[in-house]
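Undergrad: Structure provided below as structure tokens; questions to follow.
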Amino acid sequence: MYPLLATVLLTGGRKSEVFGLEVDDVSLAHGKLYFRPNEWRRMKTRGSERSVPLWPQLEEILRAYLMDREASGGIEGSLLFTSSRGTEEAMLNDVRKALDRMAKRAGFKAGEIRLHGLRHTYTAARIQTCDRGRPVSLYTVSRELGHRSTDMIEDRYGHLHDRTEEGCTEVVEFRIEPHKERLKERLEALAAVVAEESKAK
């Protein structure tokens with residue numbers, strides 16, 4: 001689930017788009033991740049076919065994930081993330097139960113964490129980044145999300161873009177280290193849960 005969630009959170013991809021990614025859609029060499037139609041699923045609209053930046057944090061996660069898969073017997077099939085049900089390669093369909101289990105461990109209620117919410121998180125973060133030293137354009141963000149116009153981005157996230165200053169970060173990433181003090185109690189509670197699970201094993 002970790003590389004799957006990282007991919008949603010660091011690309012803003014729709015659930016079906018991420019579930020249908022193939023290994024070849026990840027280009028470590030070019031620093032891109034491609035959303036394009038394939039035999040597993042179609043795209044929502046013609047404008048949904050696109051490439052998005054493979055941000056350094058996601059590149060790090062997916063590189064390790066692909067290496068682990070290869071080391072454990074090769075990369076069988078073409079899907080980047082596969083369903084564990086059955087013996088045939090199959091596309092994931094629903095991860096809500098897994099998300100609820102993870103949410104509970106982290107102190108959230110069932111249903112509070114959903115993949116579409118991570119798409120919103122990416123959008124909010126991306127619209128506050130810079131592109132070559134200046135605030136990223138709304139067109140760039142809307143294209144990365146698979147929208148054909150900037151209308152939705154302007155309506156829902158325009159206020160975030162308006163307060164972006166020159167000199168802001170050029171990458172999207174979600175690292176816990178800068179927020180450790182603010183999240184201290186939640187992290188301690190999570191550590192206690194993990195410790196109890198380890199004892200039970």
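Chain identifiers are assigned as A, B, and so on, following the order in which chains appear in the structure tokens; residues are numbered from 1 within each chain, and ligands are numbered from 1 in order of appearance.
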As a list in words, list the residues of segment 61-101 of chain A assigned to helix (DSSP H, G or I) by DSSP on the backbone atoms of this structure.
TA: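 Matching residues for helix (DSSP H, G or I) in segment 61-101 of chain A are Ile61, Leu62, Arg63, Ala64, Tyr65, Leu66, Met67, Asp68, Arg69, Glu70, Ala71, Arg96, Lys97, Ala98, Leu99, Asp100 and Arg101 of chain A.
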Undergrad: List as a VMD selection string the protein and nucleic acid residues near Val172 of chain A, meaning an atom at most 10 Å away when only C-alpha atoms are counted, but skip any in the same chain fewer than 5 places from it.
TA: chain A and resid 9 to 11 53 to 58 122 to 123 125 to 130
Undergrad: Write out, as a PDB file, in the first residue's frame, the residues just selected, with C-alpha atoms.
TA:
```
ATOM      1  CA  LEU A   9      -0.368  11.469  -3.264  1.00  0.00           C
ATOM      2  CA  LEU A  10       2.539  12.530  -5.479  1.00  0.00           C
ATOM      3  CA  THR A  11       0.807  12.510  -8.880  1.00  0.00           C
ATOM      4  CA  PRO A  53       6.668  14.797 -13.007  1.00  0.00           C
ATOM      5  CA  LEU A  54       8.214  11.874 -11.160  1.00  0.00           C
ATOM      6  CA  TRP A  55       9.052  13.909  -8.087  1.00  0.00           C
ATOM      7  CA  PRO A  56      12.270  12.894  -6.269  1.00  0.00           C
ATOM      8  CA  GLN A  57      10.426  11.435  -3.287  1.00  0.00           C
ATOM      9  CA  LEU A  58       8.201   9.275  -5.527  1.00  0.00           C
ATOM     10  CA  TYR A 122      -1.640  16.853  -4.263  1.00  0.00           C
ATOM     11  CA  THR A 123      -3.494  19.650  -6.023  1.00  0.00           C
ATOM     12  CA  ALA A 125       0.440  21.259  -2.648  1.00  0.00           C
ATOM     13  CA  ARG A 126       1.245  21.497  -6.364  1.00  0.00           C
ATOM     14  CA  ILE A 127      -0.523  24.804  -6.886  1.00  0.00           C
ATOM     15  CA  GLN A 128       1.737  26.345  -4.245  1.00  0.00           C
ATOM     16  CA  THR A 129       4.989  25.257  -5.910  1.00  0.00           C
ATOM     17  CA  CYS A 130       7.199  27.210  -8.288  1.00  0.00           C
TER      18      CYS A 130
END
```
Undergrad: Taking into account only C-alpha atoms, which residue in the set A:Glu144, A:Asp100, A:Glu60, A:Glu89 is nearest to Gly47 of chain A?
TA: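 Checking each of A:Glu144, A:Asp100, A:Glu60, A:Glu89 against Gly47 of chain A, counting only C-alpha atoms, the winner is A:Glu144.
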Undergrad: Write out as a list in words each polymer residue whose atoms come within 8 Å of Glu17 of chain A, counting only C-alpha atoms; drop sequence neighbours fewer than 5 positions from it.
TA: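 That gives Phe35, Arg41 and Met43 of chain A.
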Undergrad: Which one is closest to Gly13 of chain A: A:Arg182, A:His147, A:Lys109, A:Arg175? Count only C-alpha atoms.
TA: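 Once distances to Gly13 of chain A are computed over only C-alpha atoms, the minimum belongs to A:His147.
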Undergrad: Please compute the atom CA of Val52 of chain A-atom CA of Asp25 of chain A distance, one decimal, in Å.
TA: 10.6 Å
Undergrad: In terms of the shortest atom-to-atom distance over only C-alpha atoms, which of A:Glu170, A:Asp94, A:Asp131, A:Asp151 is closest to Lys15 of chain A?
TA: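 With only C-alpha atoms as the atom set, the closest residue is A:Asp94.
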Undergrad: What parts of segment 108-182 of chain A does DSSP call strand (DSSP E)? I'd like the answer as JSON, numbers by chain.
TA: {"A": [130, 131, 134, 135]}
Undergrad: Go ahead and dump the residues you just picked, C-alpha atoms, as a CSV table (one decimal), in the first residue's frame.
TA:
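To be explicit, this is the file written out as result_31.csv:
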```csv
chain,number,residue,atom,x,y,z
A,130,CYS,CA,7.2,27.2,-8.3
A,131,ASP,CA,8.3,26.5,-11.8
A,134,ARG,CA,7.9,31.7,-10.4
A,135,PRO,CA,4.5,30.4,-9.3
```
